[in-house]
$ cat query23.cif   # mmCIF, C-alpha atoms and all ligand atoms
data_protein
loop_
_atom_site.label_atom_id
_atom_site.label_comp_id
_atom_site.auth_asym_id
_atom_site.auth_seq_id
_atom_site.Cartn_x
_atom_site.Cartn_y
_atom_site.Cartn_z
CA MET A 1 -12.93 4.40 67.37
CA PHE A 2 -11.45 5.81 64.16
CA GLU A 3 -9.19 4.06 61.75
CA SER A 4 -5.62 5.21 61.61
CA HIS A 5 -5.68 6.09 57.90
CA ARG A 6 -8.37 8.71 58.66
CA LYS A 7 -6.21 10.68 61.11
CA GLU A 8 -5.16 13.27 58.53
CA THR A 9 -8.73 13.92 57.36
CA ILE A 10 -9.86 14.41 60.95
CA VAL A 11 -6.97 16.83 61.62
CA ARG A 12 -7.81 18.78 58.45
CA LYS A 13 -11.52 19.06 59.39
CA ARG A 14 -10.76 20.16 62.94
CA TYR A 15 -8.33 22.88 61.86
CA ALA A 16 -10.60 23.99 59.02
CA ALA A 17 -13.18 24.73 61.73
CA GLY A 18 -10.47 26.27 63.95
CA ALA A 19 -9.56 28.67 61.12
CA LYS A 20 -13.12 29.99 61.00
CA GLU A 21 -13.73 30.27 64.72
CA ARG A 22 -11.40 30.19 67.72
CA ALA A 23 -11.31 26.71 69.32
CA ASP A 24 -10.31 27.19 72.96
CA LYS A 25 -9.60 23.49 73.50
CA LEU A 26 -6.74 23.66 70.99
CA CYS A 27 -4.98 26.50 72.78
CA CYS A 28 -1.93 26.21 74.99
CA PRO A 29 -1.08 29.72 76.33
CA VAL A 30 2.19 31.13 74.99
CA ASP A 31 4.03 34.34 75.90
CA TYR A 32 4.89 36.04 72.61
CA ASP A 33 6.82 39.30 72.33
CA GLY A 34 4.01 41.88 72.56
CA ASP A 35 5.85 44.38 70.36
CA LEU A 36 5.93 41.90 67.49
CA LEU A 37 2.20 41.19 67.81
CA LYS A 38 1.24 44.85 67.24
CA VAL A 39 1.19 44.59 63.42
CA ILE A 40 -0.71 41.28 63.38
CA PRO A 41 -4.50 41.42 62.87
CA ARG A 42 -6.70 40.20 65.72
CA GLU A 43 -8.21 37.20 63.89
CA VAL A 44 -4.71 35.74 63.37
CA ILE A 45 -3.76 36.18 67.02
CA ASP A 46 -7.08 34.76 68.21
CA ARG A 47 -6.76 31.60 66.11
CA ASP A 48 -3.43 30.69 67.65
CA TYR A 49 -2.99 26.98 68.22
CA GLY A 50 0.70 26.94 69.06
CA CYS A 51 2.47 25.69 72.18
CA GLY A 52 5.73 27.68 72.08
CA ASP A 53 7.59 30.37 70.18
CA PRO A 54 10.33 29.11 67.83
CA SER A 55 10.61 32.58 66.24
CA ARG A 56 12.61 33.93 69.20
CA TYR A 57 15.59 31.82 68.04
CA LEU A 58 15.74 33.35 64.55
CA ARG A 59 18.21 35.93 63.25
CA GLU A 60 18.17 38.72 60.71
CA GLY A 61 18.40 37.69 57.06
CA GLU A 62 17.45 34.04 57.50
CA VAL A 63 15.26 32.07 55.09
CA VAL A 64 12.72 30.19 57.18
CA VAL A 65 10.04 27.55 56.61
CA ASP A 66 7.23 27.27 59.18
CA LEU A 67 5.66 23.80 59.12
CA GLY A 68 1.90 23.85 59.75
CA SER A 69 1.73 27.64 59.70
CA GLY A 70 -2.01 27.84 60.47
CA THR A 71 -3.30 31.41 60.27
CA GLY A 72 0.29 32.65 60.08
CA LYS A 73 1.08 34.12 63.49
CA ILE A 74 4.60 32.63 63.79
CA CYS A 75 5.34 33.60 60.18
CA PHE A 76 4.30 37.21 60.80
CA ILE A 77 6.38 37.42 63.99
CA ALA A 78 9.34 35.75 62.27
CA ALA A 79 9.04 38.12 59.31
CA GLN A 80 9.87 41.05 61.60
CA ILE A 81 12.86 39.27 63.16
CA VAL A 82 14.50 38.17 59.87
CA GLY A 83 13.62 41.57 58.35
CA ALA A 84 13.39 42.60 54.71
CA LYS A 85 16.55 40.65 53.80
CA GLY A 86 15.06 37.41 55.12
CA LYS A 87 12.13 35.36 53.91
CA ILE A 88 9.40 33.27 55.52
CA ILE A 89 7.50 30.42 53.84
CA GLY A 90 4.51 29.02 55.73
CA VAL A 91 3.33 25.53 54.73
CA ASP A 92 -0.09 24.17 55.65
CA MET A 93 -2.43 21.57 54.18
CA THR A 94 -5.72 23.16 55.30
CA ASP A 95 -7.34 25.55 52.78
CA GLU A 96 -9.23 27.48 55.46
CA MET A 97 -5.99 28.18 57.39
CA LEU A 98 -4.22 29.25 54.20
CA GLU A 99 -7.12 31.56 53.33
CA VAL A 100 -6.85 33.46 56.64
CA ALA A 101 -3.04 33.61 56.45
CA ARG A 102 -2.95 34.80 52.83
CA ARG A 103 -5.68 37.40 53.38
CA ASN A 104 -3.72 38.90 56.30
CA ALA A 105 -0.25 38.83 54.70
CA PRO A 106 -0.68 42.12 52.74
CA ILE A 107 -2.04 43.84 55.87
CA VAL A 108 1.06 42.83 57.86
CA ALA A 109 3.34 43.77 54.93
CA GLU A 110 1.80 47.24 54.77
CA ARG A 111 2.32 47.75 58.50
CA THR A 112 5.94 46.49 58.55
CA GLY A 113 6.86 48.16 55.26
CA PHE A 114 8.07 45.00 53.52
CA ALA A 115 6.54 41.79 52.11
CA ASN A 116 8.67 38.77 52.97
CA VAL A 117 6.04 36.11 53.83
CA GLU A 118 4.32 33.64 51.53
CA PHE A 119 2.11 30.65 52.20
CA ARG A 120 2.24 27.38 50.27
CA LYS A 121 -0.11 24.41 50.33
CA GLY A 122 1.51 21.11 51.18
CA ARG A 123 1.77 18.27 53.65
CA ILE A 124 4.74 18.70 55.92
CA GLN A 125 5.72 15.03 55.55
CA ASP A 126 5.92 15.55 51.76
CA LEU A 127 7.48 18.98 51.30
CA ALA A 128 8.33 18.33 47.66
CA LEU A 129 4.70 18.04 46.54
CA ASP A 130 2.97 21.34 45.76
CA LEU A 131 -0.70 20.51 46.38
CA GLU A 132 -1.99 23.54 44.48
CA LEU A 133 -0.01 22.56 41.38
CA LEU A 134 -1.36 19.03 41.73
CA ASP A 135 -4.90 20.43 42.13
CA ARG A 136 -4.57 22.35 38.87
CA GLN A 137 -3.20 19.34 37.00
CA LEU A 138 -5.94 17.07 38.33
CA LYS A 139 -8.63 19.51 37.20
CA ALA A 140 -7.25 19.17 33.69
CA HIS A 141 -6.84 15.36 34.00
CA PRO A 142 -9.45 14.17 36.53
CA ILE A 143 -9.20 10.75 38.13
CA MET A 144 -11.93 8.64 36.47
CA ASP A 145 -10.69 5.11 36.90
CA ALA A 146 -7.84 2.99 38.25
CA ALA A 147 -5.59 3.86 35.31
CA SER A 148 -6.00 7.62 35.82
CA PHE A 149 -5.48 7.11 39.58
CA LEU A 150 -2.12 5.47 38.85
CA ALA A 151 -1.28 8.19 36.32
CA ALA A 152 -1.99 10.81 39.00
CA ASP A 153 0.54 9.11 41.23
CA GLU A 154 3.14 9.38 38.47
CA LEU A 155 2.19 13.00 37.92
CA ALA A 156 2.71 13.77 41.62
CA GLU A 157 6.17 12.21 41.42
CA GLU A 158 7.01 14.31 38.37
CA LEU A 159 5.88 17.49 40.16
CA ARG A 160 8.03 16.61 43.19
CA LEU A 161 11.07 16.33 40.94
CA LYS A 162 10.46 19.18 38.51
CA HIS A 163 8.61 21.76 40.66
CA PRO A 164 9.26 20.98 44.33
CA LEU A 165 7.19 22.91 46.88
CA ILE A 166 10.42 23.40 48.88
CA ALA A 167 13.72 22.63 47.15
CA SER A 168 16.43 20.52 48.79
CA ASP A 169 19.23 22.31 50.70
CA SER A 170 17.51 25.69 50.36
CA ILE A 171 16.44 26.75 53.88
CA ASP A 172 18.38 28.27 56.81
CA VAL A 173 15.90 27.40 59.56
CA VAL A 174 12.85 25.13 59.74
CA VAL A 175 10.50 26.12 62.55
CA SER A 176 7.21 24.62 63.64
CA ASN A 177 4.77 25.28 66.44
CA CYS A 178 2.66 22.38 67.68
CA VAL A 179 2.22 20.45 64.42
CA LEU A 180 4.63 17.51 64.16
CA ASN A 181 2.53 15.49 66.65
CA LEU A 182 -0.40 15.67 64.19
CA VAL A 183 1.39 13.71 61.49
CA GLU A 184 0.28 10.11 61.33
CA PRO A 185 2.71 7.54 62.80
CA LYS A 186 3.58 5.85 59.49
CA SER A 187 4.76 9.21 58.06
CA LYS A 188 6.72 10.48 61.06
CA ARG A 189 10.07 9.11 59.86
CA GLN A 190 9.51 10.69 56.44
CA LEU A 191 8.59 13.99 58.15
CA PHE A 192 11.98 14.24 59.89
CA ASP A 193 13.75 13.20 56.66
CA GLU A 194 11.93 16.00 54.83
CA ILE A 195 12.98 18.61 57.41
CA PHE A 196 16.55 17.40 56.91
CA ARG A 197 16.27 17.44 53.11
CA ILE A 198 15.13 21.06 52.75
CA LEU A 199 17.72 22.51 55.17
CA LYS A 200 21.00 23.87 53.85
CA LYS A 201 24.17 22.32 55.20
CA GLY A 202 24.76 24.37 58.35
CA GLY A 203 21.02 25.01 58.73
CA ARG A 204 18.97 24.15 61.79
CA ALA A 205 15.53 23.09 62.93
CA VAL A 206 13.85 24.86 65.87
CA ILE A 207 10.71 22.96 66.71
CA CYS A 208 8.12 23.49 69.47
CA ASP A 209 5.85 20.55 70.04
CA ILE A 210 3.93 18.59 72.62
CA VAL A 211 5.71 15.52 73.99
CA SER A 212 4.61 12.87 76.48
CA ASP A 213 6.50 11.58 79.50
CA GLU A 214 5.32 8.00 78.78
CA GLU A 215 4.46 6.03 75.62
CA VAL A 216 0.87 6.81 74.54
CA PRO A 217 -1.24 3.61 74.56
CA GLU A 218 -3.01 2.37 71.42
CA GLU A 219 -6.55 3.19 72.62
CA MET A 220 -5.56 6.80 73.22
CA ARG A 221 -3.94 6.95 69.77
CA ASN A 222 -7.26 5.85 68.30
CA ASP A 223 -9.22 8.66 69.94
CA PRO A 224 -9.89 11.26 67.21
CA GLU A 225 -10.47 14.09 69.70
CA LEU A 226 -7.19 13.44 71.51
CA TRP A 227 -5.33 12.89 68.25
CA SER A 228 -6.44 16.10 66.54
CA GLY A 229 -6.10 17.98 69.85
CA CYS A 230 -2.27 17.60 69.76
CA ILE A 231 -2.29 14.96 72.51
CA SER A 232 -2.13 11.37 71.41
CA GLY A 233 0.15 11.84 68.39
CA ALA A 234 2.87 13.19 70.70
CA LEU A 235 6.23 11.43 70.69
CA THR A 236 7.86 10.71 74.02
CA GLU A 237 10.45 13.24 75.22
CA ASP A 238 13.37 11.00 74.34
CA GLY A 239 11.66 9.67 71.19
CA PHE A 240 11.35 13.23 69.91
CA LEU A 241 15.09 13.87 70.25
CA ALA A 242 15.91 10.43 68.83
CA ALA A 243 13.82 11.19 65.72
CA PHE A 244 16.14 14.12 64.90
CA GLU A 245 19.19 11.96 65.58
CA ASN A 246 17.91 9.18 63.29
CA ALA A 247 17.35 11.68 60.48
CA GLY A 248 21.05 12.69 60.61
CA PHE A 249 20.94 15.86 62.72
CA TYR A 250 23.62 16.72 65.28
CA GLY A 251 24.00 19.04 68.26
CA ILE A 252 20.40 18.34 69.26
CA GLN A 253 19.32 20.07 72.45
CA ILE A 254 16.28 21.02 74.49
CA LEU A 255 15.98 24.81 74.43
CA GLN A 256 12.86 24.91 76.57
CA ARG A 257 10.78 22.40 78.51
CA ALA A 258 7.68 23.34 80.49
CA THR A 259 8.01 22.13 84.06
CA GLN A 260 4.23 21.86 84.40
CA PRO A 261 2.32 19.65 81.95
CA TRP A 262 -0.12 21.36 79.56
CA ARG A 263 -2.51 18.43 80.03
CA THR A 264 -2.46 15.11 81.86
CA VAL A 265 -4.53 12.26 80.41
CA GLN A 266 -4.84 8.92 82.18
CA GLY A 267 -1.77 9.80 84.22
CA ILE A 268 0.38 10.63 81.17
CA GLU A 269 1.79 14.15 81.15
CA PHE A 270 1.82 16.18 77.92
CA ARG A 271 3.97 19.30 77.86
CA PRO A 272 5.54 21.62 75.28
CA VAL A 273 9.25 21.46 74.51
CA THR A 274 11.40 23.40 72.07
CA ILE A 275 14.20 21.49 70.36
CA GLU A 276 17.10 22.72 68.25
CA ALA A 277 18.93 20.39 65.84
CA PHE A 278 21.62 21.10 63.23
CA LYS A 279 22.29 19.72 59.74
CA GLY A 280 25.85 19.42 58.47
CA LYS A 281 27.87 16.62 60.06
CA GLN A 282 27.89 14.57 56.84
CA GLY A 283 30.94 14.74 54.58
CA GLU A 284 34.54 13.65 54.21
CA CYS A 285 37.10 13.71 57.01
CA PHE A 286 40.56 15.20 56.44
CA GLU A 287 43.63 15.33 58.68
CA ARG A 288 44.93 18.86 59.24
CA ASN A 289 46.61 18.14 62.59
CA GLN A 290 43.95 20.04 64.52
CA ALA A 291 42.96 19.23 68.09
CA VAL A 292 40.23 20.15 70.56
CA ILE A 293 40.02 20.10 74.35
CA TYR A 294 36.65 19.63 76.06
CA ARG A 295 36.44 22.31 78.78
CA GLY A 296 33.96 20.53 81.11
CA PRO A 297 32.07 20.69 83.45
CA PHE A 298 31.13 17.06 82.72
CA LYS A 299 33.79 14.40 83.10
CA GLU A 300 33.24 13.28 79.50
CA VAL A 301 31.00 13.94 76.49
CA LEU A 302 29.86 11.91 73.45
CA ASP A 303 28.95 13.72 70.22
CA ASP A 304 26.61 12.62 67.41
CA ASP A 305 29.53 11.03 65.51
CA ASN A 306 30.45 8.92 68.56
CA HIS A 307 33.54 10.93 69.51
CA ARG A 308 33.90 10.40 73.25
CA MET A 309 36.06 13.02 74.94
CA GLU A 310 37.25 13.36 78.49
CA ARG A 311 37.44 16.78 80.07
CA GLY A 312 40.77 18.56 79.67
CA LYS A 313 42.40 16.09 77.24
CA ARG A 314 43.66 17.04 73.80
CA TYR A 315 41.93 15.05 71.02
CA ALA A 316 42.78 14.72 67.34
CA VAL A 317 39.80 15.67 65.16
CA CYS A 318 39.23 15.89 61.43
CA ASP A 319 38.84 19.26 59.74
CA LYS A 320 35.05 18.77 59.49
CA THR A 321 34.60 18.09 63.22
CA TYR A 322 36.99 20.91 64.09
CA ASN A 323 34.87 23.37 62.11
CA LEU A 324 31.58 22.02 63.49
CA TYR A 325 32.87 22.48 67.02
CA ARG A 326 33.84 26.08 66.29
CA LYS A 327 30.16 26.94 65.77
CA ALA A 328 26.96 26.76 67.85
CA PRO A 329 26.01 24.74 69.79
CA TYR A 330 29.50 23.43 70.61
CA ALA A 331 31.95 26.36 70.45
CA GLU A 332 31.68 27.49 74.07
CA HIS A 333 32.46 23.97 75.35
CA PHE A 334 35.82 23.55 73.59
CA GLU A 335 39.33 24.94 73.33
CA PHE A 336 40.81 24.83 69.84
CA VAL A 337 44.42 23.92 69.10
CA ASP A 338 45.78 24.68 65.62
CA PRO A 339 48.97 23.03 64.41
CA LEU A 340 52.05 25.20 64.36
CA VAL A 341 52.36 24.56 60.64
CA ASP A 342 49.06 24.66 58.75
CA VAL A 343 48.18 21.70 56.50
CA ALA A 344 46.42 23.01 53.37
CA LEU A 345 43.03 21.36 52.81
CA ASP A 346 43.90 20.28 49.27
CA GLU A 347 47.02 18.52 50.61
CA ALA A 348 45.30 16.95 53.65
CA LYS A 349 45.14 13.14 53.92
CA PRO A 350 41.95 11.26 54.88
CA PHE A 351 41.28 11.11 58.64
CA ASP A 352 39.78 8.04 60.32
CA CYS A 353 36.80 9.47 62.23
CA SER A 354 35.63 6.06 63.48
CA ARG A 355 38.08 6.15 66.42
CA THR A 356 38.78 8.80 69.01
CA ALA A 357 42.49 9.43 69.51
CA LEU A 358 44.45 11.73 71.74
CA ARG A 359 46.78 14.18 70.04
CA HIS A 360 50.22 14.57 71.58
CA PRO A 361 51.36 18.23 71.76
CA LYS A 362 54.41 17.18 69.70
CA GLU A 363 52.01 16.45 66.81
CA THR A 364 50.66 19.99 67.12
CA LYS A 365 54.10 21.62 67.28
CA GLY A 366 56.16 19.18 65.17
CA GLN A 367 58.53 16.45 66.43
CA ASP A 368 61.63 18.67 66.16
CA TYR A 369 60.18 21.66 68.03
CA ASP A 370 62.61 22.67 70.83
CA VAL A 371 62.16 26.44 71.10
CA THR A 372 62.92 28.25 74.40
CA THR A 373 61.38 31.71 74.88
CA GLY A 374 61.27 34.52 77.40
CA ALA A 375 58.03 35.26 79.31
CA ASN A 376 55.02 36.27 77.21
CA LYS A 377 52.44 38.79 78.37
CA CYS A 378 49.81 36.10 79.02
CA CYS A 379 47.56 37.52 81.73
CA ASP A 380 45.42 40.33 80.29
CA GLY A 381 48.50 42.35 79.45
CA GLY A 382 50.03 41.92 82.93
CA SER A 383 52.77 39.63 84.20
CA CYS A 384 52.09 35.90 84.68
CA CYS A 385 53.80 35.47 88.06
C1 LIG B 1 -2.12 23.04 66.16
S1 LIG B 1 -2.24 23.97 64.69
C2 LIG B 1 -0.83 25.02 64.81
C3 LIG B 1 -0.91 26.20 63.92
C4 LIG B 1 0.21 27.20 64.04
N1 LIG B 1 1.51 26.59 63.94
C5 LIG B 1 0.11 28.05 65.30
O1 LIG B 1 1.12 28.20 65.99
O2 LIG B 1 -0.97 28.56 65.58
C6 LIG B 1 -1.81 22.78 63.47
C7 LIG B 1 -1.73 23.31 62.03
O3 LIG B 1 -1.00 22.36 61.26
C8 LIG B 1 -1.70 22.03 60.09
N2 LIG B 1 -1.34 20.63 59.79
C9 LIG B 1 -1.58 19.54 60.53
N3 LIG B 1 -1.05 18.43 59.96
C10 LIG B 1 -0.44 18.86 58.82
C11 LIG B 1 0.28 18.20 57.79
N4 LIG B 1 0.49 16.89 57.81
N5 LIG B 1 0.76 18.95 56.77
C12 LIG B 1 0.54 20.30 56.71
N6 LIG B 1 -0.16 20.97 57.66
C13 LIG B 1 -0.63 20.27 58.72
C14 LIG B 1 -3.15 22.27 60.41
O4 LIG B 1 -3.89 22.54 59.24
C15 LIG B 1 -3.08 23.46 61.35
O5 LIG B 1 -3.08 24.67 60.65
#

$ encode --input "query23.cif" --output "structure tokens"
Amino acid sequence: MFESHRKETIVRKRYAAGAKERADKLCCPVDYDGDLLKVIPREVIDRDYGCGDPSRYLREGEVVVDLGSGTGKICFIAAQIVGAKGKIIGVDMTDEMLEVARRNAPIVAERTGFANVEFRKGRIQDLALDLELLDRQLKAHPIMDAASFLAADELAEELRLKHPLIASDSIDVVVSNCVLNLVEPKSKRQLFDEIFRILKKGGRAVICDIVSDEEVPEEMRNDPELWSGCISGALTEDGFLAAFENAGFYGIQILQRATQPWRTVQGIEFRPVTIEAFKGKQGECFERNQAVIYRGPFKEVLDDDNHRMERGKRYAVCDKTYNLYRKAPYAEHFEFVDPLVDVALDEAKPFDCSRTALRHPKETKGQDYDVTTGANKCCDGGSCC
């Protein structure tokens, strides 16, 4: 039995060993794009401890953070997808993993023709604290007694504020491959808050991780082998999605879910899933007389701001919701109805987003609208009837 406060040390030791020599028990086979693996040295590919491939959801030019980047495989694949205009930052807390990743980065850069990957040392639940900066400061001011221990705590806080490892609102996409489950339970909430903090408004998280189909019992949580082996720290399938919701994300969806479990322990199934979640629903609501119509196929939907909409009906929405719906992951599910006369944003009145209201077509067109027209060419340039 190991005590819960030692979980992180055990994880660090296990992955320090896994950086030096391939650990088969930590591997969950993943199908990566073979073309993108060609420039990546063998030792990086061999020491792959992922359970999915979040890089396939990235786009050219994006700035990406990979949480728990290990020997750097996802970073090196992602680097080729975002290209020279994009940037990849891998974060890991284990020196041995960082050593392999950093040693291989120039080799990959030479083969691709551009250097857009860097690796930083930090804990993913505390993405403001640069552990190498802290290391340097502590060498100059070692902890000798209780007073210097408390001073070190203050120093860490100062570093978070003045020299954050990852700045707030600075990242387009946060990816991670099989790491979030390794973060100790008391820090899980903070972990999701940190992912939210570093993303730009409009940014997204694409996270592959192991989830369980049932709650993991206490005795399994206290098994160091199962914990560090990406098993017993897993959140449940619905708990994983709820964690994103609680941190303020919207448009959360399962992009991939393995039908077969990776492992089953005491009847509990553990399988990889890939989740996407967006940042950007926070902000003020203004009335610009816009409306949306949910296209179906479900009879009704409920979004992350509690707007409940029935299929086919025209709903009043604020300018913020209107613009969120016009983008992924919502756009394809809605029709958009602009008012006949635009309301300028700087003249728009506040909109009460706490209730869902239908919007009468007369509100869209104006109460006095009584135009009669001839037939329009509405059917792909042909006649309507
Ligand atoms: C299962 S491996 C996954 C590595 C990599 N993502 C891959 O696909 O091969 C977990 C990695 O996360 C790192 N890690 C675990 N907990 C961490 C934490 N709290 N903060 C930073 N890194 C962590 C470990 O050092 C290890 O490199």

$ residues_near_ligand --input "query23.cif" --ligand "ligand LIG 1 (chain B)" --cutoff "9 Å" --atoms "all atoms listed in the file" --output "VMD selection string"
chain A and resid 8 11 to 16 18 to 19 26 to 27 44 to 45 47 to 53 66 to 75 91 to 98 121 to 127 176 to 184 187 191 228 to 230

$ closest_residue --input "query23.cif" --among "A:Gly283, A:Gly251, A:Gly366, A:Pro224" --to "A:Tyr330" --atoms "only C-alpha atoms"
A:Gly251

$ closest_residue --input "query23.cif" --among "A:Asp338, A:Glu218, A:Asp172, A:Asp130" --to "A:Arg160" --atoms "only C-alpha atoms"
A:Asp130

$ atom_distance --input "query23.cif" --atom1 "atom CA of A:Gln80" --atom2 "atom CA of A:Glu21"
26.1 Å

$ closest_residue --input "query23.cif" --among "A:Ala17, A:Leu340, A:Leu345, A:Val216" --to "A:Glu269" --atoms "all atoms listed in the file"
A:Val216
